[in-house]
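K.L.:
The following block contains the structure, expressed as structure tokens.
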Amino acid sequence: MGRTNFLGEFEELILTLVLILGDEAYGNTIVRAIKEHQNREVNLSSAHITLYRLEEKGFLESYLGGATKARGGRKKRYFKITNAGKALLQEMKDSRTNLWKLTPQLNFSS
Amino acid sequence: MNSNPPKLFLRLLRWFCHPRLIKPIEGDLMELYEERVQELGKRKADIKFMKDVLLLFRKDLIKPSDGTNKINTYGMFKNHLKISFRNLLKQKGYTAINVFGLTVSMAITMLIILFIIDQDSQDEHNPNATNTYRAITVVHDVAEDKDRSFGTSPYEFNQLIPLHVESVKESTQIAKASGLLVIDDDEFQFSGLYVSPNFLSFFHFDLLQGNNINALNNENNLILSKEMAVKIFGESSPLGKVITLEKLGDFIISGVIDRSKYKTHLTYDAIIPISAFSNKTENKSLLADWEEGSKVFYNYFRLKEGASVQILDAYFSNLDFKMSDDKKDLFRFETQRLDQINLGSLIRNEIGTTTPNFVAYFFGVLGLVLILSASFNYMNMAIARGLKRAKEVGVRKVLGAGRRQVIAQFLVEAQLVIFISLICAFLLLQMLVPIFNDLKILRDIDGAITMNFNSNFYVYFSFIAFSIIVGIVSGVYPALYLSSFKSLSVLKGSNGSGRSPSFLLRKVLVFFQYAFSVIFIITTIILYQQAKVFDTTDYGFEHANIINVPMRKNIPYETFRNELMKKSAIAGVSAVSNLPVLSFFEDIELTSRSSTQENIKSSIFSIDAHAIDNLGIEILAGNNFSASSQNEKENVIINEKGMDALGFASPMDALNATIELHTSDKDTREEITVKKKIIGVVKDFNYQFVFVESGPLIMQYDPESLTTINIKVAGISPKKGAEIIESVWNEFDNNHAMHYETYAYGMEDINSEFSELVNIVGIVGFIAILIACLGQFSMVVHHVELKTKEIGIRKVLGSGINSLMIGLSKGFIWVIVIAVVLSTPLAVLINIAWTSKVYNAPEVSFINISVGVGIILTMALGTIYIFISRAVKANPVESLKCE
């Protein structure tokens, strides 16, 4: 399971969005948020698959709730980020910042 | 709000999607759909919905084919198995009957499968077997208006075809050889093959000793089979030794081949290059003669990769035959694939002995009948007993079992019984195989089958597949029927009483069992009578107390005879070229000078001056040969049938008449005519096996062609006699042991082959009848059980025992009567078909048939009577109290 501590770009995006959306994170809201924030058309299926995969890896947890009429009475599966997920996001951000620091800086002053 | 997404796609989603995930995904989709309908309209929303559904068809979302499901069926399966075991134990008697019937019939069928697979695997060690063809000759027999196929074809094919047919890659040629191998005074009879130099590589044979590549390169090379090498040289290596072949000269042994390593249609003791045959001047005419050659040579062709045999077939059909015009129309050449030679259609003039396909069909049908009979028993009993289990089915259904699960339960049960039987059958098979391999009728066809776990993986796989098929055949109908019970009505207590819709089917099954039994038993009775013919047939010559000893060239017959005659225990000594009944007799054509009729066919053999007396053949007219006379070679003695065929009215008429024998010279094969004078006529005696009619016979006086000495002993046992003869023999030749066989033993040996056949059919018949009776027995018991109360009530109300018996057994008796009535004519037809082809066959008489039918009726009605009368005679109070 060497891959559990590694996230792909799309996985990272979804994990971040779940964190942003808080209590409102489920399939459709995530797809909408991606369109809104990233101007990127994402299919529902890819969102779902990634969500389940992240859940399996232990970065997300889910619970059922919120059946609405529009859904034909079917419950939503809400996702919530776990502590491990948050820690991983933090770690990824830190390591990326560290990497940026190592890049040759453009020096306009010289 | 009232718009709905395309139903088909929704269902598709529900079908493939993982059940744990389906709800939220479907919810999300519906929500999206609603939005889109408002935003974009229904049509676009529909299309997007479909697209989404299709895109959801992804590995992680698809319902797993294993996982959760597997765990469920495993649990269910365990339950099925447990219930099945309990049920089988609960009804031990029925289980035993089923297992017994299935075990016996499966063991026999497995034996047949083994035999057929074994025969079918001939020549399959050759990777080119499917690409290799043999040319065969088909000759139209005008007299019988039938085509006869021969495995042989003209000599020139071997050169002609590779030259003219481009798709032929390689060809090889074989002819049969036989004679004597001589080494240091020792003689060994052999049958072998003349072959082309590429024989070994063509058929993919490897030598045990010697070099594969050049073992046949020289004209005087010779390859021995391992058995023959051991027989001649014992353990020492035969390579390089010189061995003499009668009439062919000296040969150097260049290789030894282990024939047991290969299953092939070729049988031989020795292999010699064909040039040893074709280079002889006296054979040259045969090589160019298509008509005669097509009786002698075997031509094999290997095609190029991917080439079609049709090209070869087309070449044959357009071939200009080198034959006279009237023969051209009768001859035809065809091809036969190498791996289809065995278990193919009947081919005459075969190299070895093959098993023609109809033998395989015969055995196959035999096995099928047995296994069906046992299967029918299972079905019958499962259905009958199943009525008792209606409540179980009801409860299962109420607790939520679908029909499928109930079907699975009964199928598992059937499979369990079959599997137990399979294990028993396998053990039984271990005992049957050695018995089977000892059968004399298989001796000639290399039929011995082997059972070892390493090489026969394929066979074991086929056994398991076979048992599963049997399980499904026997289990499906009961499962379908029993699972159809309605839980409500069953639990209310009205389980479909005895007269269920399946009653007719059960009757049909019983009908078939009895029909098979009738055919078997009538055939067995007639075969048995045929076997009795052997014991009672008077062959018309004396063979008791006669010991046959093959001659050796270094022992002069006349002196040996004189020495023997000095012993008091020896009553007579004579010599013949062929032993009546035990050896084949050559055919010859002859004409009488006095009549203008056509040639008649006659058998011929040579005797010395004492044979007629010694064998007790009665002379009707004329004289015996005399040893002292000089010109006896010009004379012959004929039998009565020969006399009739030649057109003489009485034995006296025939005396001193001259006849012409048309024969071919042994060396040059040229036709010659010999004139002979009849000096005696003897009473007919059977010189052929009782199967075959003994026709006209010519006995000639030819001391050179005598082969076997017949020594009659008197007053002592044949064994003691043999010791006396041996002591005389050793005075002549101390180096070579005397071989001998009593005439009676030889006759018995021939008879035993036939008695084996009778025994096989008899045993199979007995098993078929036994299975049918067991089935009948269980049906009756069950039927009576169901009706216990009815019988009690009827008796209390004053019904008599007789009317009760009739009422109860009527249904069974009808089935048996119909089965007997319909199958008897079939049995008669089958038996007339084979008896009409056999000389001396017993008549398919009324008595034989009625005995067979009587046995069946007694056994069947007896079973019914015993159990029904027991039930009927029981105290009605007891039966009313039951349940």
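Lettering and numbering for the structure tokens are positional, with chains as A, B, ... in the shown order, residues counted from 1 in each chain, and ligands counted from 1 in the shown order.
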Pull out every residue of chain B that has at least one atom within 8 Å of chain A, counting only C-alpha atoms, and report them as a ChimeraX atom specification.
P.N.:
/B:23-32,34,52,55-56,60-61
K.L.:
Just to confirm, what's the straight-line distance from CA of Glu56 (chain A) to CA of Phe49 (chain B) in Å (one decimal)?
P.N.:
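Those two atoms sit 26.9 Å apart.
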K.L.:
Which of chain A counts as strand (DSSP E) under DSSP, as JSON, numbers by chain please?
P.N.:
{"A": [60, 61, 62, 63, 64, 65, 76, 77, 78, 79, 80, 81]}
K.L.:
In Å, rounded to a single decimal, give me how far CA of Ser489 (chain B) is from CA of Glu413 (chain B).
P.N.:
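Between CA of Glu413 (chain B) and CA of Ser489 (chain B) the gap is 24.3 Å.
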K.L.:
Using DSSP on the backbone coordinates, identify all residues within region 441-589 of chain B classified as alpha helix (DSSP H); present the result as a PyMOL selection string.
P.N.:
chain B and resi 457-482+487-492+503-536+557-565
K.L.:
Do a neighbour search on Ser236 (chain B) at 12 Å with only C-alpha atoms, toss out local chain neighbours closer than 5 positions, and write the hits as a list in words.
P.N.:
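Contacts, with the query itself left out: Gln209, Lys226, Ala229, Val230, Lys231, Lys241 and Val256 of chain B.
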K.L.:
Residues as selected, N, CA and C atoms, written as a PDB file, in the first residue's frame, can you do that?
P.N.:
ATOM      1  N   GLN B 209      17.166 -48.771 -29.254  1.00  0.00           N
ATOM      2  CA  GLN B 209      18.599 -48.921 -29.512  1.00  0.00           C
ATOM      3  C   GLN B 209      18.816 -48.705 -31.000  1.00  0.00           C
ATOM      4  N   LYS B 226      10.968 -54.764 -29.461  1.00  0.00           N
ATOM      5  CA  LYS B 226      11.629 -55.115 -28.205  1.00  0.00           C
ATOM      6  C   LYS B 226      11.265 -56.543 -27.798  1.00  0.00           C
ATOM      7  N   ALA B 229      13.135 -58.988 -29.867  1.00  0.00           N
ATOM      8  CA  ALA B 229      14.566 -58.967 -29.543  1.00  0.00           C
ATOM      9  C   ALA B 229      14.818 -59.758 -28.271  1.00  0.00           C
ATOM     10  N   VAL B 230      13.935 -59.576 -27.278  1.00  0.00           N
ATOM     11  CA  VAL B 230      14.103 -60.295 -26.015  1.00  0.00           C
ATOM     12  C   VAL B 230      13.901 -61.791 -26.238  1.00  0.00           C
ATOM     13  N   LYS B 231      12.931 -62.098 -27.095  1.00  0.00           N
ATOM     14  CA  LYS B 231      12.628 -63.508 -27.357  1.00  0.00           C
ATOM     15  C   LYS B 231      13.825 -64.211 -28.007  1.00  0.00           C
ATOM     16  N   LYS B 241      24.011 -57.854 -35.016  1.00  0.00           N
ATOM     17  CA  LYS B 241      23.962 -59.303 -35.240  1.00  0.00           C
ATOM     18  C   LYS B 241      23.331 -59.585 -36.612  1.00  0.00           C
ATOM     19  N   VAL B 256      16.359 -51.483 -32.364  1.00  0.00           N
ATOM     20  CA  VAL B 256      15.296 -52.127 -31.594  1.00  0.00           C
ATOM     21  C   VAL B 256      14.295 -51.034 -31.255  1.00  0.00           C
TER      22      VAL B 256
END
